[in-house]
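With mmCIF, C-alpha atoms and all ligand atoms inside, this is input-v5.cif:
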data_coords
#
loop_
_atom_site.group_PDB
_atom_site.id
_atom_site.type_symbol
_atom_site.label_atom_id
_atom_site.label_comp_id
_atom_site.auth_asym_id
_atom_site.auth_seq_id
_atom_site.Cartn_x
_atom_site.Cartn_y
_atom_site.Cartn_z
ATOM 1 C CA MET A 1 82.573 -231.089 -49.996
ATOM 2 C CA ILE A 2 82.385 -234.621 -51.253
ATOM 3 C CA GLN A 3 79.039 -236.254 -50.913
ATOM 4 C CA ARG A 4 79.155 -239.977 -50.467
ATOM 5 C CA ARG A 5 76.241 -242.140 -51.271
ATOM 6 C CA LYS A 6 75.510 -244.973 -48.960
ATOM 7 C CA PRO A 7 75.930 -248.273 -50.730
ATOM 8 C CA SER A 8 72.564 -249.977 -50.957
ATOM 9 C CA ARG A 9 72.395 -253.680 -50.404
ATOM 10 C CA SER A 10 69.275 -254.309 -52.387
ATOM 11 C CA LYS A 11 67.584 -252.552 -55.252
ATOM 12 C CA GLU A 12 64.360 -252.414 -53.331
ATOM 13 C CA LYS A 13 63.838 -249.200 -51.457
ATOM 14 C CA PRO A 14 62.751 -249.567 -47.870
ATOM 15 C CA LYS A 15 59.237 -248.363 -47.256
ATOM 16 C CA GLN A 16 59.619 -244.924 -45.823
ATOM 17 C CA ALA A 17 57.245 -242.830 -43.850
ATOM 18 C CA LEU A 18 55.950 -239.824 -45.692
ATOM 19 C CA THR A 19 57.957 -236.699 -45.231
ATOM 20 C CA LYS A 20 56.234 -233.628 -43.930
ATOM 21 C CA SER A 21 56.201 -232.085 -47.372
ATOM 22 C CA GLN A 22 54.277 -235.047 -48.733
ATOM 23 C CA LEU A 23 51.584 -234.897 -46.119
ATOM 24 C CA PRO A 24 49.692 -231.895 -47.520
ATOM 25 C CA ARG A 25 49.243 -233.741 -50.795
ATOM 26 C CA ARG A 26 47.529 -236.632 -49.039
ATOM 27 C CA ALA A 27 45.622 -234.436 -46.642
ATOM 28 C CA PRO A 28 42.574 -233.689 -48.856
ATOM 29 C CA ALA A 29 41.460 -237.330 -48.841
ATOM 30 C CA VAL A 30 41.926 -237.559 -45.067
ATOM 31 C CA ILE A 31 39.955 -234.364 -44.535
ATOM 32 C CA ALA A 32 37.228 -235.497 -46.942
ATOM 33 C CA LEU A 33 36.863 -238.755 -44.996
ATOM 34 C CA MET A 34 36.611 -236.863 -41.716
ATOM 35 C CA GLU A 35 33.961 -234.636 -43.261
ATOM 36 C CA MET A 36 32.055 -237.790 -44.184
ATOM 37 C CA GLY A 37 32.035 -238.706 -40.515
ATOM 38 C CA VAL A 38 34.780 -241.326 -40.607
ATOM 39 C CA ASN A 39 36.549 -240.613 -37.349
ATOM 40 C CA ASP A 40 38.576 -243.769 -36.866
ATOM 41 C CA TYR A 41 42.234 -242.973 -37.547
ATOM 42 C CA GLY A 42 42.930 -246.600 -38.368
ATOM 43 C CA GLU A 43 40.152 -246.696 -40.929
ATOM 44 C CA ILE A 44 41.272 -243.417 -42.483
ATOM 45 C CA ALA A 45 44.861 -244.675 -42.609
ATOM 46 C CA TYR A 46 43.688 -247.898 -44.267
ATOM 47 C CA ALA A 47 41.611 -246.027 -46.839
ATOM 48 C CA THR A 48 44.265 -243.493 -47.740
ATOM 49 C CA GLY A 49 47.328 -245.734 -47.536
ATOM 50 C CA LEU A 50 48.854 -243.568 -44.828
ATOM 51 C CA THR A 51 49.982 -244.523 -41.361
ATOM 52 C CA VAL A 52 47.896 -243.752 -38.290
ATOM 53 C CA ALA A 53 50.639 -241.316 -37.257
ATOM 54 C CA ASP A 54 50.267 -239.478 -40.580
ATOM 55 C CA VAL A 55 46.511 -239.253 -40.131
ATOM 56 C CA LYS A 56 46.965 -237.959 -36.586
ATOM 57 C CA GLU A 57 49.350 -235.331 -37.850
ATOM 58 C CA ILE A 58 46.940 -234.246 -40.576
ATOM 59 C CA ASP A 59 44.096 -234.119 -38.038
ATOM 60 C CA ALA A 60 46.248 -231.966 -35.774
ATOM 61 C CA ALA A 61 46.556 -229.587 -38.757
ATOM 62 C CA GLU A 62 49.797 -228.047 -37.606
ATOM 63 C CA ASP A 63 50.922 -227.551 -41.180
ATOM 64 C CA ARG A 64 49.648 -224.263 -42.585
ATOM 65 C CA LYS A 65 48.505 -225.808 -45.875
ATOM 66 C CA ILE A 66 46.682 -228.596 -44.106
ATOM 67 C CA ARG A 67 45.027 -226.168 -41.717
ATOM 68 C CA ARG A 68 43.737 -224.126 -44.633
ATOM 69 C CA LEU A 69 42.369 -227.265 -46.277
ATOM 70 C CA ALA A 70 40.675 -228.343 -43.073
ATOM 71 C CA THR A 71 39.125 -224.924 -42.557
ATOM 72 C CA GLN A 72 37.868 -224.535 -46.093
ATOM 73 C CA GLY A 73 36.703 -228.110 -46.388
ATOM 74 C CA THR A 74 36.533 -230.163 -49.536
ATOM 75 C CA PRO A 75 35.375 -228.023 -52.488
ATOM 76 C CA ALA A 76 32.000 -229.047 -53.946
ATOM 77 C CA GLY A 77 32.355 -231.504 -56.786
ATOM 78 C CA THR A 78 35.804 -232.633 -55.688
ATOM 79 C CA TYR A 79 36.220 -236.348 -55.066
ATOM 80 C CA LEU A 80 39.443 -237.823 -53.809
ATOM 81 C CA PRO A 81 40.240 -241.389 -54.836
ATOM 82 C CA LEU A 82 40.946 -243.762 -51.962
ATOM 83 C CA ASN A 83 43.435 -246.603 -51.877
ATOM 84 C CA LYS A 84 40.931 -248.926 -50.211
ATOM 85 C CA PRO A 85 37.144 -248.688 -50.024
ATOM 86 C CA VAL A 86 35.555 -247.616 -46.767
ATOM 87 C CA ARG A 87 31.984 -247.702 -45.512
ATOM 88 C CA CYS A 88 30.187 -244.381 -45.668
ATOM 89 C CA PRO A 89 28.758 -243.706 -42.186
ATOM 90 C CA THR A 90 25.811 -241.848 -43.724
ATOM 91 C CA CYS A 91 24.505 -244.208 -46.433
ATOM 92 C CA ASN A 92 26.385 -247.348 -45.356
ATOM 93 C CA GLY A 93 27.675 -247.861 -48.881
ATOM 94 C CA MET A 94 31.237 -248.803 -49.698
ATOM 95 C CA VAL A 95 32.952 -245.835 -51.274
ATOM 96 C CA THR A 96 36.193 -245.625 -53.212
ATOM 97 C CA MET A 97 36.144 -241.837 -53.311
ATOM 98 C CA ALA A 98 35.753 -239.246 -50.608
ATOM 99 C CA PRO A 99 33.436 -237.516 -50.004
ATOM 100 C CA CYS A 100 30.707 -240.070 -50.707
ATOM 101 C CA VAL A 101 29.330 -239.456 -54.207
ATOM 102 C CA ALA A 102 25.966 -241.072 -53.411
ATOM 103 C CA CYS A 103 25.418 -238.845 -50.379
ATOM 104 C CA ASP A 104 26.490 -235.760 -52.322
ATOM 105 C CA ARG A 105 23.951 -236.512 -55.058
ATOM 106 C CA ARG A 106 21.179 -237.094 -52.577
ATOM 107 C CA TRP A 107 21.790 -233.697 -51.064
ATOM 108 C CA ASP A 108 21.700 -232.132 -54.518
ATOM 109 C CA GLU A 109 18.350 -233.755 -55.325
ATOM 110 C CA THR A 110 16.624 -232.795 -52.123
ATOM 111 C CA SER A 111 18.525 -229.522 -51.847
ATOM 112 C CA VAL A 112 18.993 -230.164 -48.198
ATOM 113 C CA GLU A 113 22.205 -228.851 -46.788
ATOM 114 C CA ALA A 114 24.862 -231.329 -45.894
ATOM 115 C CA PRO A 115 24.830 -232.026 -42.179
ATOM 116 C CA VAL A 116 27.598 -230.338 -40.269
ATOM 117 C CA ASN A 117 29.257 -232.421 -37.643
HETATM 118 ZN ZN ZN A 201 27.256 -242.080 -48.421
#
I need this file expressed as structure tokens, please.
Amino acid sequence: MIQRRKPSRSKEKPKQALTKSQLPRRAPAVIALMEMGVNDYGEIAYATGLTVADVKEIDAAEDRKIRRLATQGTPAGTYLPLNKPVRCPTCNGMVTMAPCVACDRRWDETSVEAPVN
């Protein structure tokens, strides 16, 4: 079978939505933000560089890998870099990583367990 490539008019690739296989790779940051208490899909999408639809899909956790991530939560000491800073709902600071490093440290110092939502 001969495979024909579509002729492309410009060198620039059109911005494509993430494929399903790419979602699990971006899911940890989304889940970490949700664990921080950021519940606004738009804000999560903005912070992670995903679309609101992607965030919704990750939150639905239909993918097995994503579901496992969501169940286990973000491992202690793991910080996911964000594309754009967001305001931490707990300490009100702008964070560029999720979960919030400042809040994590505070919990370490006082040895108080992280609040569960
Ligand atoms: Zn914080």
If you take all atoms listed in the file and a cut-off of 6 Å, which residues of chain A touch ligand ZN 201 (chain A), and what are their nearest atom pairs and distances in Å to one decimal, in chain and number order, as JSON lines?
{"residue": "A:Cys88", "atom": "CA", "partner": "A:ZN201", "partner_atom": "ZN", "distance": 4.6}
{"residue": "A:Thr90", "atom": "CA", "partner": "A:ZN201", "partner_atom": "ZN", "distance": 4.9}
{"residue": "A:Cys91", "atom": "CA", "partner": "A:ZN201", "partner_atom": "ZN", "distance": 4.0}
{"residue": "A:Gly93", "atom": "CA", "partner": "A:ZN201", "partner_atom": "ZN", "distance": 5.8}
{"residue": "A:Cys100", "atom": "CA", "partner": "A:ZN201", "partner_atom": "ZN", "distance": 4.6}
{"residue": "A:Ala102", "atom": "CA", "partner": "A:ZN201", "partner_atom": "ZN", "distance": 5.3}
{"residue": "A:Cys103", "atom": "CA", "partner": "A:ZN201", "partner_atom": "ZN", "distance": 4.2}
Contacts of range 53-58 of chain A within 12 Å, all atoms listed in the file, excl. fewer than 2 positions in-chain, as an mmCIF file with C-alpha atoms, in the frame of the given file:
data_model
loop_
_atom_site.group_PDB
_atom_site.id
_atom_site.type_symbol
_atom_site.label_atom_id
_atom_site.label_comp_id
_atom_site.auth_asym_id
_atom_site.auth_seq_id
_atom_site.Cartn_x
_atom_site.Cartn_y
_atom_site.Cartn_z
ATOM 1 C CA ALA A 17 57.245 -242.830 -43.850
ATOM 2 C CA LEU A 18 55.950 -239.824 -45.692
ATOM 3 C CA THR A 19 57.957 -236.699 -45.231
ATOM 4 C CA LYS A 20 56.234 -233.628 -43.930
ATOM 5 C CA SER A 21 56.201 -232.085 -47.372
ATOM 6 C CA GLN A 22 54.277 -235.047 -48.733
ATOM 7 C CA LEU A 23 51.584 -234.897 -46.119
ATOM 8 C CA PRO A 24 49.692 -231.895 -47.520
ATOM 9 C CA ARG A 25 49.243 -233.741 -50.795
ATOM 10 C CA ARG A 26 47.529 -236.632 -49.039
ATOM 11 C CA ALA A 27 45.622 -234.436 -46.642
ATOM 12 C CA PRO A 28 42.574 -233.689 -48.856
ATOM 13 C CA ALA A 29 41.460 -237.330 -48.841
ATOM 14 C CA VAL A 30 41.926 -237.559 -45.067
ATOM 15 C CA ILE A 31 39.955 -234.364 -44.535
ATOM 16 C CA ALA A 32 37.228 -235.497 -46.942
ATOM 17 C CA LEU A 33 36.863 -238.755 -44.996
ATOM 18 C CA MET A 34 36.611 -236.863 -41.716
ATOM 19 C CA VAL A 38 34.780 -241.326 -40.607
ATOM 20 C CA ASN A 39 36.549 -240.613 -37.349
ATOM 21 C CA ASP A 40 38.576 -243.769 -36.866
ATOM 22 C CA TYR A 41 42.234 -242.973 -37.547
ATOM 23 C CA GLY A 42 42.930 -246.600 -38.368
ATOM 24 C CA GLU A 43 40.152 -246.696 -40.929
ATOM 25 C CA ILE A 44 41.272 -243.417 -42.483
ATOM 26 C CA ALA A 45 44.861 -244.675 -42.609
ATOM 27 C CA TYR A 46 43.688 -247.898 -44.267
ATOM 28 C CA ALA A 47 41.611 -246.027 -46.839
ATOM 29 C CA THR A 48 44.265 -243.493 -47.740
ATOM 30 C CA GLY A 49 47.328 -245.734 -47.536
ATOM 31 C CA LEU A 50 48.854 -243.568 -44.828
ATOM 32 C CA THR A 51 49.982 -244.523 -41.361
ATOM 33 C CA ALA A 60 46.248 -231.966 -35.774
ATOM 34 C CA ALA A 61 46.556 -229.587 -38.757
ATOM 35 C CA GLU A 62 49.797 -228.047 -37.606
ATOM 36 C CA ASP A 63 50.922 -227.551 -41.180
ATOM 37 C CA ARG A 64 49.648 -224.263 -42.585
ATOM 38 C CA LYS A 65 48.505 -225.808 -45.875
ATOM 39 C CA ILE A 66 46.682 -228.596 -44.106
ATOM 40 C CA ARG A 67 45.027 -226.168 -41.717
ATOM 41 C CA ARG A 68 43.737 -224.126 -44.633
ATOM 42 C CA LEU A 69 42.369 -227.265 -46.277
ATOM 43 C CA ALA A 70 40.675 -228.343 -43.073
#
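Of note, CA of Pro89 in chain A and CA of Gly37 in chain A are spaced 6.2 Å apart.
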CA of Arg105 in chain A to CA of Lys84 in chain A: how many Å, to one decimal? 21.6 Å
If you measure from CA of Leu80 in chain A to CA of Met97 in chain A, what distance in Å do you get, rounded to one decimal? 5.2 Å
Quick one: of A:Thr71, A:Arg5, A:Thr96, A:Asp59, who's nearest to Asn83 in chain A, counting only C-alpha atoms? A:Thr96
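The shortest atom-to-atom distance to Pro75 in chain A, with only C-alpha atoms taken into account, belongs to A:Asp104 out of A:Arg87, A:Val52, A:Val95, A:Asp104.
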Residue among A:Gly77, A:Leu82, A:Glu35, A:Arg4 lying closest to Val101 in chain A, counting all atoms listed in the file: A:Gly77
